[in-house]
Amino acid sequence: MYKIKPLKQAEISAPLGVVLMLGDMTKLLTAPVYVWYIEGDDTKILVDAGIEEPTDGFVHGFPVSGGGENGLRKALEEVGVKPEDIDVLILTHLHFDHVACATLFHNARIYVQKKEWESALNPPMHYRLTYDPKLFQPIENMDLCLVNGDKEVDDGLKLVLLPGHTKGLQGVAVETEKGTHLIAGDHFYTYVNLDPPKQQAEIADLKGSKVSIQPILLPFAPMGLHVDLTEWYDSCFKALSVARRKNILPGHEPSIFGKTFP
Ligand SMILES: [Zn+2]
């Protein structure tokens, strides 16, 4: 049985319209960039590898603080490990805010979906700016496992292909004392995408700034960034077949900062 700890490697700000399709592009929200530590019996597992350190306050046009190797080491200190201690690194997808420190995991087997790898090297035109090959291409010389679809990588730990946000995004299904949890990566950024409010609601970002959200009469609310929205909806229902909605962990949700699951 495992426990899951989201660790904050950086903070990134983005307009509401990125978090929620057709949302206000003038309202900026600050969100955590997480790496996810999965504590098991003896294997040390990490999901995702963070964002670069900003040089002028920005990474790929988004305001960022923290990040880079310093941000990663600080995040991992919270659970008493170093990048070199990690046995398994799972990359949910290859967007620039999920892979920047991957080359520091010298002793890890690294899991990426084959579809994601191929798509990241030759992305559809509207998605070019979300990938930075210099960040992920060097890992092809490490212990890289390119996976085709769903795969169990350890007892109670399964990769689940969830295309839509990207061509080959994978979630991680983790068996815990309180049932299966699903680390969703960016398939859902926040609980608003996973469980949209049916009445007018307020959401708070990492700094406590609040924005008002109109009722969303849909089972799931898409983000502003997706490669295929039809596939995204299919993957939402696949995610529900893996874990209960309350046990799905969105990739940039501010309110889970500092928590452990279960
Ligand atoms: Zn992403």
# chains A, B, ... in the order shown; residues from 1 in each chain; ligands from 1
$ residues_around --residues "Ser13 (chain A)" --least-positions-apart "4" --cutoff "12 Å" --atoms "only C-alpha atoms" --output "list in words"
Gly17, Val18, Val19, Met25, Thr26, Lys27, Leu28, Leu29, Thr30, Ala31, Pro32, Val33, Gly57, Phe58, Val59, His60, Gly61, Phe62, Pro63, Val64, Ser65, Asp97, Asp205, Leu206, Lys207, Ser209, His252 and Pro254 of chain A
$ closest_atom_pairs --of "chain A" --to "ligand 1" --cutoff "9 Å" --atoms "only C-alpha atoms and all ligand atoms" --output "JSON lines"
{"residue": "A:Thr92", "atom": "CA", "partner": "ligand 1", "partner_atom_place_in_ligand_line": "1 (Zn)", "distance": 8.6}
{"residue": "A:His93", "atom": "CA", "partner": "ligand 1", "partner_atom_place_in_ligand_line": "1 (Zn)", "distance": 6.8}
{"residue": "A:Leu94", "atom": "CA", "partner": "ligand 1", "partner_atom_place_in_ligand_line": "1 (Zn)", "distance": 7.5}
{"residue": "A:His95", "atom": "CA", "partner": "ligand 1", "partner_atom_place_in_ligand_line": "1 (Zn)", "distance": 5.1}
{"residue": "A:Phe96", "atom": "CA", "partner": "ligand 1", "partner_atom_place_in_ligand_line": "1 (Zn)", "distance": 7.8}
{"residue": "A:Asp97", "atom": "CA", "partner": "ligand 1", "partner_atom_place_in_ligand_line": "1 (Zn)", "distance": 7.2}
{"residue": "A:His98", "atom": "CA", "partner": "ligand 1", "partner_atom_place_in_ligand_line": "1 (Zn)", "distance": 7.4}
{"residue": "A:Thr130", "atom": "CA", "partner": "ligand 1", "partner_atom_place_in_ligand_line": "1 (Zn)", "distance": 7.6}
{"residue": "A:His165", "atom": "CA", "partner": "ligand 1", "partner_atom_place_in_ligand_line": "1 (Zn)", "distance": 6.7}
{"residue": "A:Thr166", "atom": "CA", "partner": "ligand 1", "partner_atom_place_in_ligand_line": "1 (Zn)", "distance": 7.2}
{"residue": "A:Leu169", "atom": "CA", "partner": "ligand 1", "partner_atom_place_in_ligand_line": "1 (Zn)", "distance": 8.5}
{"residue": "A:Gly185", "atom": "CA", "partner": "ligand 1", "partner_atom_place_in_ligand_line": "1 (Zn)", "distance": 7.6}
{"residue": "A:Asp186", "atom": "CA", "partner": "ligand 1", "partner_atom_place_in_ligand_line": "1 (Zn)", "distance": 5.0}
{"residue": "A:His187", "atom": "CA", "partner": "ligand 1", "partner_atom_place_in_ligand_line": "1 (Zn)", "distance": 7.7}
{"residue": "A:Tyr189", "atom": "CA", "partner": "ligand 1", "partner_atom_place_in_ligand_line": "1 (Zn)", "distance": 8.4}
{"residue": "A:Leu225", "atom": "CA", "partner": "ligand 1", "partner_atom_place_in_ligand_line": "1 (Zn)", "distance": 7.7}
{"residue": "A:His226", "atom": "CA", "partner": "ligand 1", "partner_atom_place_in_ligand_line": "1 (Zn)", "distance": 8.4}
{"residue": "A:Gly251", "atom": "CA", "partner": "ligand 1", "partner_atom_place_in_ligand_line": "1 (Zn)", "distance": 8.6}
$ closest_residue --among "A:Ala100, A:Ile38, A:Met21, A:Leu217" --to "Gly156 (chain A)" --atoms "only C-alpha atoms"
A:Ile38
$ atom_distance --atom1 "CA of Gly164 (chain A)" --atom2 "CA of Ala75 (chain A)"
28.7 Å
$ closest_residue --among "A:Leu89, A:Pro138, A:Ile203, A:Val242" --to "Val153 (chain A)" --atoms "only C-alpha atoms"
A:Leu89
$ residues_around --residues "Tyr34 (chain A)" --least-positions-apart "6" --cutoff "12 Å" --atoms "only C-alpha atoms" --output "PyMOL selection string"
chain A and resi 4-12+46-51+66-67+71-72+75-76+91-92+97-99+183-186+189+249-254+256-258
$ select_by_dssp --residues "region 77-209 of chain A" --states "alpha helix (DSSP H)" --output "list in words"
Glu77, Phe96, Asp97, His98, Val99, Lys114, Lys115, Glu116, Trp117, Glu118, Ser119, Ala120, Leu121, Pro133, Lys134, Leu135, Phe136, Tyr191, Val192, Asn193 and Leu194 of chain A
$ residues_around --residues "Lys246 (chain A)" --least-positions-apart "4" --cutoff "12 Å" --atoms "only C-alpha atoms" --output "VMD selection string"
chain A and resid 178 to 183 191 194 to 195 239 to 240 242 250 261 to 262
$ residues_around --residues "Gly68 (chain A)" --least-positions-apart "5" --cutoff "7 Å" --atoms "only C-alpha atoms" --output "list in words"
Ile51, Glu52, Glu53 and Cys101 of chain A
$ atom_distance --atom1 "CA of Glu39 (chain A)" --atom2 "CA of Val174 (chain A)"
10.4 Å
$ residues_around --residues "Asn141 (chain A)" --least-positions-apart "4" --cutoff "12 Å" --atoms "only C-alpha atoms" --output "number ranges by chain"
A: 102-103, 106, 109-110, 136-137, 145
$ residues_around --residues "Val227 (chain A)" --least-positions-apart "4" --cutoff "10 Å" --atoms "only C-alpha atoms" --output "short mmCIF file (atom, residue, chain, number, x, y, z; two decimals) with N, CA and C atoms, in the first residue's frame"
data_model
loop_
_atom_site.label_atom_id
_atom_site.label_comp_id
_atom_site.auth_asym_id
_atom_site.auth_seq_id
_atom_site.Cartn_x
_atom_site.Cartn_y
_atom_site.Cartn_z
N PRO A 123 5.22 17.76 -32.65
CA PRO A 123 3.86 18.08 -32.17
C PRO A 123 3.00 18.72 -33.25
N PRO A 124 1.67 18.60 -33.12
CA PRO A 124 0.78 19.37 -33.98
C PRO A 124 1.12 20.85 -33.83
N HIS A 126 -0.33 23.68 -33.33
CA HIS A 126 -0.85 24.54 -32.25
C HIS A 126 -0.27 24.15 -30.90
N TYR A 127 0.46 23.05 -30.85
CA TYR A 127 1.00 22.59 -29.57
C TYR A 127 2.52 22.70 -29.49
N PRO A 163 -5.27 10.05 -23.15
CA PRO A 163 -5.00 11.07 -24.17
C PRO A 163 -6.06 12.17 -24.18
N GLY A 164 -5.67 13.33 -24.70
CA GLY A 164 -6.60 14.45 -24.82
C GLY A 164 -5.91 15.77 -24.52
N HIS A 165 -5.37 15.90 -23.30
CA HIS A 165 -4.55 17.08 -23.00
C HIS A 165 -3.30 17.03 -23.89
N THR A 166 -2.68 15.87 -23.97
CA THR A 166 -1.66 15.60 -24.98
C THR A 166 -1.98 14.24 -25.61
N LYS A 167 -1.23 13.88 -26.65
CA LYS A 167 -1.51 12.62 -27.37
C LYS A 167 -1.27 11.39 -26.50
N GLU A 231 -11.17 13.16 -27.47
CA GLU A 231 -10.38 12.14 -26.74
C GLU A 231 -10.31 12.49 -25.25
N TRP A 232 -10.25 13.79 -24.95
CA TRP A 232 -10.15 14.22 -23.56
C TRP A 232 -11.38 13.76 -22.78
#
$ select_by_dssp --residues "region 4-240 of chain A" --states "strand (DSSP E or B)" --output "PDB file with C-alpha atoms, in the first residue's frame"
ATOM      1  CA  ILE A   4       1.077   9.970  -2.155  1.00  0.00           C
ATOM      2  CA  LYS A   5       2.637  13.351  -1.376  1.00  0.00           C
ATOM      3  CA  PRO A   6       2.423  16.234  -3.843  1.00  0.00           C
ATOM      4  CA  LEU A   7       5.600  18.327  -3.375  1.00  0.00           C
ATOM      5  CA  LYS A   8       5.775  21.893  -4.725  1.00  0.00           C
ATOM      6  CA  GLN A   9       8.794  22.415  -6.985  1.00  0.00           C
ATOM      7  CA  ALA A  10       7.722  25.881  -8.262  1.00  0.00           C
ATOM      8  CA  GLU A  11       4.846  28.319  -8.624  1.00  0.00           C
ATOM      9  CA  ILE A  12       3.463  29.267 -12.029  1.00  0.00           C
ATOM     10  CA  SER A  13       0.874  31.903 -12.934  1.00  0.00           C
ATOM     11  CA  ALA A  14      -1.570  31.557 -15.812  1.00  0.00           C
ATOM     12  CA  PRO A  15      -4.810  33.234 -16.894  1.00  0.00           C
ATOM     13  CA  LEU A  28      -4.128  35.651 -13.455  1.00  0.00           C
ATOM     14  CA  LEU A  29      -4.051  32.668 -11.075  1.00  0.00           C
ATOM     15  CA  THR A  30      -1.020  31.231  -9.302  1.00  0.00           C
ATOM     16  CA  ALA A  31      -0.726  27.449  -9.200  1.00  0.00           C
ATOM     17  CA  PRO A  32       1.768  24.948  -7.831  1.00  0.00           C
ATOM     18  CA  VAL A  33       4.060  22.883 -10.060  1.00  0.00           C
ATOM     19  CA  TYR A  34       4.090  19.525  -8.294  1.00  0.00           C
ATOM     20  CA  VAL A  35       6.350  16.526  -8.300  1.00  0.00           C
ATOM     21  CA  TRP A  36       4.565  13.575  -6.666  1.00  0.00           C
ATOM     22  CA  TYR A  37       6.361  11.324  -4.237  1.00  0.00           C
ATOM     23  CA  ILE A  38       4.884   7.842  -3.872  1.00  0.00           C
ATOM     24  CA  GLU A  39       5.982   6.235  -0.653  1.00  0.00           C
ATOM     25  CA  LYS A  44      11.193   5.171  -4.255  1.00  0.00           C
ATOM     26  CA  ILE A  45       8.887   6.497  -6.918  1.00  0.00           C
ATOM     27  CA  LEU A  46       8.444  10.019  -8.266  1.00  0.00           C
ATOM     28  CA  VAL A  47       5.917  11.315 -10.774  1.00  0.00           C
ATOM     29  CA  PHE A  58       9.323  33.865 -16.910  1.00  0.00           C
ATOM     30  CA  VAL A  59       9.386  30.355 -18.374  1.00  0.00           C
ATOM     31  CA  PHE A  62       4.450  32.281 -17.836  1.00  0.00           C
ATOM     32  CA  PRO A  63       5.546  34.015 -14.593  1.00  0.00           C
ATOM     33  CA  VAL A  64       7.391  31.404 -12.494  1.00  0.00           C
ATOM     34  CA  SER A  65       9.099  31.428  -9.110  1.00  0.00           C
ATOM     35  CA  GLY A  66      11.266  28.614  -7.728  1.00  0.00           C
ATOM     36  CA  VAL A  88      11.300   4.943 -10.732  1.00  0.00           C
ATOM     37  CA  LEU A  89      10.461   8.238 -12.444  1.00  0.00           C
ATOM     38  CA  ILE A  90       7.130   8.421 -14.236  1.00  0.00           C
ATOM     39  CA  HIS A  95       5.204  19.511 -21.394  1.00  0.00           C
ATOM     40  CA  ARG A 109      13.961   3.781 -14.793  1.00  0.00           C
ATOM     41  CA  ILE A 110      11.979   6.480 -16.567  1.00  0.00           C
ATOM     42  CA  TYR A 111       8.494   5.734 -17.921  1.00  0.00           C
ATOM     43  CA  VAL A 112       6.950   7.721 -20.790  1.00  0.00           C
ATOM     44  CA  GLN A 113       4.210   6.702 -23.210  1.00  0.00           C
ATOM     45  CA  TYR A 131       7.187  21.316 -25.698  1.00  0.00           C
ATOM     46  CA  ASP A 143      16.985   3.997 -18.720  1.00  0.00           C
ATOM     47  CA  LEU A 144      14.000   5.193 -20.711  1.00  0.00           C
ATOM     48  CA  CYS A 145      10.994   2.850 -21.024  1.00  0.00           C
ATOM     49  CA  LEU A 146       8.639   3.819 -23.832  1.00  0.00           C
ATOM     50  CA  VAL A 147       5.319   2.225 -22.962  1.00  0.00           C
ATOM     51  CA  LYS A 151       0.951  -1.031 -17.836  1.00  0.00           C
ATOM     52  CA  GLU A 152       1.551  -2.234 -14.302  1.00  0.00           C
ATOM     53  CA  VAL A 153       5.043  -1.083 -13.274  1.00  0.00           C
ATOM     54  CA  ASP A 154       4.982  -2.452  -9.722  1.00  0.00           C
ATOM     55  CA  LEU A 157       1.089   0.864  -9.330  1.00  0.00           C
ATOM     56  CA  LYS A 158      -0.273   1.185 -12.846  1.00  0.00           C
ATOM     57  CA  LEU A 159       0.206   3.582 -15.743  1.00  0.00           C
ATOM     58  CA  VAL A 160      -3.095   4.590 -17.362  1.00  0.00           C
ATOM     59  CA  LEU A 161      -3.118   6.145 -20.832  1.00  0.00           C
ATOM     60  CA  GLN A 170      -0.579   8.932 -18.681  1.00  0.00           C
ATOM     61  CA  GLY A 171      -2.038   8.991 -15.187  1.00  0.00           C
ATOM     62  CA  VAL A 172      -0.759   6.805 -12.370  1.00  0.00           C
ATOM     63  CA  ALA A 173      -3.187   4.526 -10.495  1.00  0.00           C
ATOM     64  CA  VAL A 174      -1.913   3.951  -6.982  1.00  0.00           C
ATOM     65  CA  GLU A 175      -3.336   1.418  -4.494  1.00  0.00           C
ATOM     66  CA  THR A 176      -3.706   2.925  -1.030  1.00  0.00           C
ATOM     67  CA  GLY A 179      -8.801   2.562  -2.379  1.00  0.00           C
ATOM     68  CA  THR A 180      -7.259   3.379  -5.723  1.00  0.00           C
ATOM     69  CA  HIS A 181      -6.042   6.952  -6.171  1.00  0.00           C
ATOM     70  CA  LEU A 182      -5.294   8.362  -9.604  1.00  0.00           C
ATOM     71  CA  ILE A 183      -2.542  10.930 -10.094  1.00  0.00           C
ATOM     72  CA  ALA A 201     -18.771  29.392  -7.113  1.00  0.00           C
ATOM     73  CA  GLU A 202     -15.502  30.978  -6.071  1.00  0.00           C
ATOM     74  CA  ILE A 203     -12.134  29.320  -6.457  1.00  0.00           C
ATOM     75  CA  ALA A 204      -8.954  30.374  -4.675  1.00  0.00           C
ATOM     76  CA  LYS A 210     -10.339  34.418  -5.560  1.00  0.00           C
ATOM     77  CA  VAL A 211     -12.179  34.342  -8.875  1.00  0.00           C
ATOM     78  CA  SER A 212     -15.828  33.732  -9.489  1.00  0.00           C
ATOM     79  CA  ILE A 213     -16.866  30.805 -11.728  1.00  0.00           C
TER      80      ILE A 213
END
$ atom_distance --atom1 "CA of Glu77 (chain A)" --atom2 "CA of Thr55 (chain A)"
23.6 Å
$ closest_residue --among "A:Met125, A:Glu84, A:Glu177, A:Asp150" --to "Asn247 (chain A)" --atoms "only C-alpha atoms"
A:Glu177
$ decode --residues "region 71-119 of chain A" --atoms "N, CA and C atoms" --output "CSV table (one decimal), in the first residue's frame"
chain,number,residue,atom,x,y,z
A,71,GLY,N,14.8,24.1,-6.8
A,71,GLY,CA,13.4,23.8,-6.4
A,71,GLY,C,13.1,22.4,-6.2
A,72,LEU,N,13.7,21.6,-7.1
A,72,LEU,CA,13.5,20.1,-7.0
A,72,LEU,C,14.1,19.5,-5.7
A,73,ARG,N,15.3,19.9,-5.5
A,73,ARG,CA,16.0,19.4,-4.2
A,73,ARG,C,15.3,19.8,-3.0
A,74,LYS,N,14.8,21.1,-3.0
A,74,LYS,CA,14.1,21.6,-1.8
A,74,LYS,C,12.8,20.8,-1.6
A,75,ALA,N,12.1,20.5,-2.7
A,75,ALA,CA,10.8,19.8,-2.6
A,75,ALA,C,11.1,18.4,-2.1
A,76,LEU,N,12.1,17.7,-2.6
A,76,LEU,CA,12.4,16.3,-2.2
A,76,LEU,C,12.9,16.3,-0.8
A,77,GLU,N,13.6,17.3,-0.3
A,77,GLU,CA,14.0,17.4,1.1
A,77,GLU,C,12.9,17.1,2.1
A,78,GLU,N,11.7,17.5,1.7
A,78,GLU,CA,10.5,17.3,2.6
A,78,GLU,C,10.3,15.9,2.9
A,79,VAL,N,10.7,15.0,2.0
A,79,VAL,CA,10.5,13.6,2.2
A,79,VAL,C,11.8,12.9,2.4
A,80,GLY,N,12.9,13.7,2.5
A,80,GLY,CA,14.2,13.1,2.9
A,80,GLY,C,14.9,12.3,1.8
A,81,VAL,N,14.6,12.7,0.5
A,81,VAL,CA,15.3,12.0,-0.5
A,81,VAL,C,16.0,13.0,-1.5
A,82,LYS,N,16.9,12.4,-2.3
A,82,LYS,CA,17.6,13.2,-3.3
A,82,LYS,C,17.2,12.6,-4.7
A,83,PRO,N,17.4,13.4,-5.8
A,83,PRO,CA,17.0,12.8,-7.1
A,83,PRO,C,17.7,11.5,-7.4
A,84,GLU,N,19.0,11.3,-6.9
A,84,GLU,CA,19.8,10.1,-7.1
A,84,GLU,C,19.2,8.9,-6.4
A,85,ASP,N,18.4,9.1,-5.4
A,85,ASP,CA,17.8,8.0,-4.6
A,85,ASP,C,16.5,7.4,-5.3
A,86,ILE,N,16.0,8.1,-6.3
A,86,ILE,CA,14.7,7.7,-6.9
A,86,ILE,C,15.0,6.5,-7.8
A,87,ASP,N,14.1,5.4,-7.7
A,87,ASP,CA,14.3,4.2,-8.5
A,87,ASP,C,13.4,4.2,-9.7
A,88,VAL,N,12.2,4.9,-9.6
A,88,VAL,CA,11.3,4.9,-10.7
A,88,VAL,C,10.8,6.4,-10.9
A,89,LEU,N,11.0,6.9,-12.1
A,89,LEU,CA,10.5,8.2,-12.4
A,89,LEU,C,9.4,8.1,-13.5
A,90,ILE,N,8.2,8.5,-13.2
A,90,ILE,CA,7.1,8.4,-14.2
A,90,ILE,C,6.8,9.8,-14.7
A,91,LEU,N,6.9,10.0,-16.0
A,91,LEU,CA,6.6,11.4,-16.6
A,91,LEU,C,5.2,11.3,-17.2
A,92,THR,N,4.2,12.1,-16.6
A,92,THR,CA,2.9,12.0,-17.1
A,92,THR,C,2.8,12.4,-18.5
A,93,HIS,N,3.5,13.4,-18.9
A,93,HIS,CA,3.6,13.9,-20.3
A,93,HIS,C,4.9,14.8,-20.4
A,94,LEU,N,5.2,15.3,-21.6
A,94,LEU,CA,6.5,15.9,-21.8
A,94,LEU,C,6.4,17.4,-21.9
A,95,HIS,N,5.3,18.0,-21.4
A,95,HIS,CA,5.2,19.5,-21.4
A,95,HIS,C,6.3,20.1,-20.5
A,96,PHE,N,6.7,21.3,-20.9
A,96,PHE,CA,7.9,21.9,-20.3
A,96,PHE,C,7.9,22.0,-18.8
A,97,ASP,N,6.7,22.0,-18.2
A,97,ASP,CA,6.6,22.2,-16.7
A,97,ASP,C,6.5,20.8,-16.0
A,98,HIS,N,6.8,19.7,-16.7
A,98,HIS,CA,6.8,18.4,-16.1
A,98,HIS,C,8.1,17.6,-16.3
A,99,VAL,N,9.0,18.1,-17.1
A,99,VAL,CA,10.2,17.3,-17.4
A,99,VAL,C,11.6,18.0,-17.2
A,100,ALA,N,11.6,19.2,-16.7
A,100,ALA,CA,12.8,20.0,-16.8
A,100,ALA,C,14.0,19.4,-16.0
A,101,CYS,N,13.7,18.7,-14.9
A,101,CYS,CA,14.9,18.1,-14.1
A,101,CYS,C,15.0,16.6,-14.3
A,102,ALA,N,14.4,16.1,-15.4
A,102,ALA,CA,14.5,14.6,-15.6
A,102,ALA,C,15.9,14.0,-15.6
A,103,THR,N,16.8,14.8,-16.2
A,103,THR,CA,18.2,14.2,-16.3
A,103,THR,C,18.9,14.1,-15.0
A,104,LEU,N,18.4,14.6,-13.9
A,104,LEU,CA,19.0,14.4,-12.6
A,104,LEU,C,18.8,13.1,-12.0
A,105,PHE,N,17.8,12.3,-12.6
A,105,PHE,CA,17.4,11.0,-11.9
A,105,PHE,C,18.3,9.9,-12.5
A,106,HIS,N,19.6,9.9,-12.2
A,106,HIS,CA,20.5,9.0,-12.8
A,106,HIS,C,20.3,7.5,-12.6
A,107,ASN,N,19.6,7.2,-11.4
A,107,ASN,CA,19.5,5.8,-11.1
A,107,ASN,C,18.1,5.3,-11.3
A,108,ALA,N,17.3,6.0,-12.0
A,108,ALA,CA,15.8,5.7,-12.1
A,108,ALA,C,15.6,5.1,-13.5
A,109,ARG,N,14.6,4.1,-13.5
A,109,ARG,CA,14.0,3.8,-14.8
A,109,ARG,C,12.9,4.9,-15.0
A,110,ILE,N,12.9,5.4,-16.3
A,110,ILE,CA,12.0,6.5,-16.6
A,110,ILE,C,10.9,6.0,-17.5
A,111,TYR,N,9.6,6.2,-17.1
A,111,TYR,CA,8.5,5.7,-17.9
A,111,TYR,C,7.8,6.9,-18.6
A,112,VAL,N,7.7,6.8,-20.0
A,112,VAL,CA,6.9,7.7,-20.8
A,112,VAL,C,6.1,6.9,-21.8
A,113,GLN,N,5.0,7.4,-22.2
A,113,GLN,CA,4.2,6.7,-23.2
A,113,GLN,C,4.9,7.0,-24.6
A,114,LYS,N,5.0,5.9,-25.4
A,114,LYS,CA,5.6,6.0,-26.7
A,114,LYS,C,4.9,7.1,-27.6
A,115,LYS,N,3.6,7.1,-27.5
A,115,LYS,CA,2.8,8.1,-28.3
A,115,LYS,C,3.2,9.5,-27.9
A,116,GLU,N,3.4,9.7,-26.6
A,116,GLU,CA,3.8,11.0,-26.0
A,116,GLU,C,5.2,11.4,-26.6
A,117,TRP,N,6.1,10.5,-26.5
A,117,TRP,CA,7.5,10.7,-27.0
A,117,TRP,C,7.4,11.2,-28.4
A,118,GLU,N,6.7,10.4,-29.3
A,118,GLU,CA,6.7,10.7,-30.7
A,118,GLU,C,6.0,12.0,-31.0
A,119,SER,N,4.9,12.3,-30.3
A,119,SER,CA,4.2,13.5,-30.5
A,119,SER,C,5.0,14.7,-30.0
